[in-house]
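Here is the structure we will look at.
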Amino acid sequence: MASVKFDKLRKVYGKDVVAVAGLDFEIPDGLFVSLVGPSGCGKSTALRMIAGLEEPTSGRLIFGDQDVTDREPRNRDIAMVFQSYALYPHMTVSENLQYGLKKRGVSSEERSISVKRIAHMLHIETFLDRKPRQLSGGQRQRVALGRALIRDPEVFLLDEPLSNLDAKLRVHMRAELATLHQRLRKTMIYVTHDQLEAMTLSDRIVVMNHGVVQQIGSPAEIYNSPSNRFVAEFMGTPSMNMIPCTLKQENGEPRLIAKNLSIPLSKQVASLASRTEVALGVRSEDFEIGAPGIVGGVDARVLVAELTGAEKYIYLELADAKVIARAPADSPICAGDNVSLSFKPHQMHVFDGRGDEAAALRAA
Amino acid sequence: MISLSMRKRFTSVRTYLLVALLLMFVGFPLYWMLMSSLKNSSDIVRLPPVWWPLPTWEHYDELFSVTKFGRWFLNSLIVCSMSTVIAVFLGVIGAYSLVRLKVPGKEVLARSVLLAYMFPGVLLVIPLVLVFSHLGLINSQFGLSLAYLTFALPFVMWVMRDFFGSVPVDLEEAAMIDGASRLEALRDVVIPQAYPGIIATSIFAFLFAWNEYLFSAILVRDHDLMTLPPAMANFASAMDTRWGLVMAASTVATLPMAMAFAFLQKYLVTGIGAGGVKG
């Protein structure tokens, strides 16, 4: 069993293109951890460094108590599922599954027992003699998973393994992955740009941007208590609404002021702000929509009402910002309506500034 | 108004006509070579020409009983096979290294492999004679096959570079994670994807060597070690050209390549196509 420890791991391409700017955290043994972030955030480079496919510029990588920084990929006891599946096209499914065992000198009898076990586990028994080109996307995905599982490695690396599947199959495979992890309890490191996958699968999420870790936490922590504006906006669909506000004192009480908005703020939170230009973040489900003129509400105009099936997304113009609120699917609200928006007071997030890096202000 | 189906039919008839013309253009010299080799000596030069002669094997008899054609044929096979095997082995490893390894200035290196093609062969042959005579490689089949590497190796490297570039890097990375070394990944996973390219480049490398005259004529003087092109040139002299013998020898000399093209056509088309598109 192996934990994975990043010790100031850094990757710089050329002289000054920083792909990963010093990862310094530990993934405990047996956890399912997702590295999530937009394209170019360094998550895949980080995964490739764990795999040994990319050499770190500096820093160390430690599996359990073993420093593996300078080890070849084959000597790290890892398995990886690639986004493209990377099945060997000239080999049958069975040969694909066996290749890793063969390279490790496992006897032919043991190999065929292992193939049967994995094929049964992943329901791929019927096409063991087929070539990868004769399989559907979902079947290829299973074979790729099987090839990783068959060697029973210490660490599983998964590089956006579901991104080539259609929406229905993706949901199905996501559930299968979660079940597999629960059964195996091995360290799994999963790279994705899909925050929904990260939220649903992971024990821990590592949010990255521009090669820097923005926040590490459980899905609930990341969603409910984002550490900065980037995390707040990246995690969640629709992303968190941001309303530019000014922090002012009125009658000795701190308030967040925007066009037709004036919201009281706790003194404790206000005292943490280093500037007056701040952003108020509210998740779409934390708005309450009512009839215009409600006491404590703010008037807003509905721009678009979008039915998604289970609910409605209501696009509104509020204090010079465009925000999205959720309403039940049978809500009569439609474009052009005037409504009143109120906020759930404990679900508001205040960010110290208006840039991506603006830190969340949170009372201790 | 011409209907769409009529227009399609007209297009396909036109295509067939063009292909037939092209085939005649390419095939006529082969037909003439074969027919001339089966004519008696007087029919070969007769006017008007004899298009469909009564076949005679006299030139083939003479070729194998009077001349050392069998020996020369074998020499050509040995030299061309040796140079092809060495060129493909080194070319595959070189091309793979240029594509996958982090070699400083690899683009310049890759382009410079084509330098040999920028000079006429005769320019290379003088330094080669000097070097080979020092190394005792004159009059040696191994020496001649090494000389052929000057054009075969750059060709193989250039074409295989495109092939390896088109093999997804994920495949060999998967193999390396599965437990293979880089060379094992190359052997087990990359090369099987590049078989069409290897077969195509092997055939062309062999063909270049098979047809090569200059290096062979200069580097090998021993009559028993000669390859086919310079040996066959001896059938023509200032006073007399033995056309029947030349045509019979040419027909036999064409056979190995014709057979290779026929049997490996599928790989050849894929090979040339894939290399061409990427290049």
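Labels used: A, B, ... for chains in the order of the structure tokens, numbers from 1 for residues in each chain, and numbers from 1 for ligands as shown.
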Residues of segment 250-294 of chain A classed as strand (DSSP E) by DSSP on the backbone are to be reported as a PyMOL selection string.
chain A and resi 250+253-258+261-264+277-282+287-290
What are the residues of chain A lining chain B at 6 Å or less? Count only C-alpha atoms, and put the answer as a PyMOL selection string.
chain A and resi 73-74+86+100+103
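Residues surrounding segment 210-214 of chain B within 8 Å are Ser76, Leu77, Cys80, Gly121, Val122, Phe206, Leu207, Phe208, Ser216, Ala217, Ile218, Leu228, Pro229 and Pro230 of chain B [only C-alpha atoms; sequence separation below 2 positions excluded].
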Residues from the last selection, C-alpha atoms, saved as a CSV table (one decimal), in the first residue's frame:
chain,number,residue,atom,x,y,z
B,76,SER,CA,23.5,-8.7,-56.1
B,77,LEU,CA,21.1,-10.5,-53.8
B,80,CYS,CA,21.5,-5.6,-51.6
B,121,GLY,CA,27.1,10.0,-56.4
B,122,VAL,CA,30.3,10.5,-58.3
B,206,PHE,CA,16.7,-2.9,-51.9
B,207,LEU,CA,15.6,-1.5,-55.3
B,208,PHE,CA,18.0,1.4,-55.2
B,216,SER,CA,29.5,-1.2,-57.9
B,217,ALA,CA,31.5,-0.6,-61.1
B,218,ILE,CA,34.2,1.4,-59.2
B,228,LEU,CA,24.3,-7.4,-62.0
B,229,PRO,CA,24.3,-3.8,-63.3
B,230,PRO,CA,28.0,-3.5,-64.1
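The interatomic distance for the pair atom CA of Thr67 of chain B and atom CA of Asp240 of chain B works out to 16.2 Å.
If you count only C-alpha atoms and ignore residues fewer than 5 places along the chain from segment 29-45 of chain A, what sits within 6 Å of it is Ala2, Ser3, Ala19, Val20, Arg185, Lys186, Thr187, Met188, Ile189, Tyr190, Val191, Thr192, His193, Ala198, Ser202, Asp203, Arg204, Ile205, Val206, Val207, Met208, Asn209, His210 and Gly211 of chain A.
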Emit the selected residues as a PDB file, in the first residue's frame, including C-alpha atoms.
ATOM      1  CA  ALA A   2       1.359   3.423  -0.896  1.00  0.00           C
ATOM      2  CA  SER A   3       0.748   7.043  -0.191  1.00  0.00           C
ATOM      3  CA  ALA A  19       3.925  23.888 -16.035  1.00  0.00           C
ATOM      4  CA  VAL A  20       3.894  22.864 -12.379  1.00  0.00           C
ATOM      5  CA  ARG A 185      -9.259   0.621  -1.840  1.00  0.00           C
ATOM      6  CA  LYS A 186      -6.079   1.454  -3.773  1.00  0.00           C
ATOM      7  CA  THR A 187      -4.631   4.923  -4.222  1.00  0.00           C
ATOM      8  CA  MET A 188      -6.193   6.348  -7.374  1.00  0.00           C
ATOM      9  CA  ILE A 189      -5.145   9.650  -8.887  1.00  0.00           C
ATOM     10  CA  TYR A 190      -7.582  10.934 -11.429  1.00  0.00           C
ATOM     11  CA  VAL A 191      -7.030  13.853 -13.773  1.00  0.00           C
ATOM     12  CA  THR A 192     -10.027  15.615 -15.216  1.00  0.00           C
ATOM     13  CA  HIS A 193     -11.210  19.021 -16.320  1.00  0.00           C
ATOM     14  CA  ALA A 198     -14.162  15.156  -9.655  1.00  0.00           C
ATOM     15  CA  SER A 202     -13.248  11.759  -5.228  1.00  0.00           C
ATOM     16  CA  ASP A 203     -12.365  11.503  -1.581  1.00  0.00           C
ATOM     17  CA  ARG A 204     -10.153  14.569  -2.083  1.00  0.00           C
ATOM     18  CA  ILE A 205      -9.973  17.160  -4.831  1.00  0.00           C
ATOM     19  CA  VAL A 206      -6.872  19.128  -5.764  1.00  0.00           C
ATOM     20  CA  VAL A 207      -7.858  22.221  -7.749  1.00  0.00           C
ATOM     21  CA  MET A 208      -5.047  23.593  -9.915  1.00  0.00           C
ATOM     22  CA  ASN A 209      -4.601  26.689 -12.048  1.00  0.00           C
ATOM     23  CA  HIS A 210      -1.490  27.957 -13.858  1.00  0.00           C
ATOM     24  CA  GLY A 211       0.550  25.124 -12.330  1.00  0.00           C
TER      25      GLY A 211
END
Within 7 Å of Asp286 of chain A using only C-alpha atoms, minus same-chain residues under 5 positions, as a PyMOL selection string:
chain A and resi 343-344+347
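A straight line drawn from atom CA of Asp356 of chain A to atom CA of Val278 of chain A is 11.7 Å long.
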Pick out each residue of segment 195-253 of chain A that DSSP on the backbone tags as alpha helix (DSSP H); I need them as a ChimeraX atom specification.
/A:195-201,219-224,229-234
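Nearest to Gly236 of chain A of all the residues A:Ile263, A:Leu303, A:Val213, A:Val282 is A:Val282, based on only C-alpha atoms.
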Skipping near chain neighbours, those fewer than 2 positions away, what residues fall within 8 Å of Trp243 of chain B using only C-alpha atoms, listed as a ChimeraX atom specification?
/B:36-37,41,44,241,245-247
Got time to write the residues from that selection, C-alpha atoms, as an mmCIF file, in the first residue's frame?
data_model
loop_
_atom_site.group_PDB
_atom_site.id
_atom_site.type_symbol
_atom_site.label_atom_id
_atom_site.label_comp_id
_atom_site.auth_asym_id
_atom_site.auth_seq_id
_atom_site.Cartn_x
_atom_site.Cartn_y
_atom_site.Cartn_z
ATOM 1 C CA SER B 36 13.034 -9.537 -77.301
ATOM 2 C CA SER B 37 14.488 -12.017 -74.839
ATOM 3 C CA SER B 41 18.930 -12.783 -82.812
ATOM 4 C CA ILE B 44 15.342 -8.784 -82.583
ATOM 5 C CA THR B 241 25.716 -5.407 -78.339
ATOM 6 C CA LEU B 245 21.449 -11.628 -73.859
ATOM 7 C CA VAL B 246 20.833 -8.119 -72.467
ATOM 8 C CA MET B 247 17.071 -8.599 -72.659
#
Name the residues in contact with segment 107-114 of chain A at a cut-off of 12 Å, using only C-alpha atoms, excluding same-chain residues fewer than 2 positions from it; report them as a PyMOL selection string.
chain A and resi 94-105+116-121+125+128+146-147+149-152
Separation of atom CA of Ala249 of chain B and atom CA of Phe25 of chain B, in Å?
21.9 Å
From the set B:Val88, B:Val113, B:Leu146, B:Leu30, which residue has the shortest atom-to-atom contact distance to Ala200 of chain B, counting only C-alpha atoms?
B:Val88
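Considering only C-alpha atoms, the residue among B:Ala205, B:Val92, B:Ala147, B:Ala231 positioned nearest to Arg187 of chain B is B:Val92.
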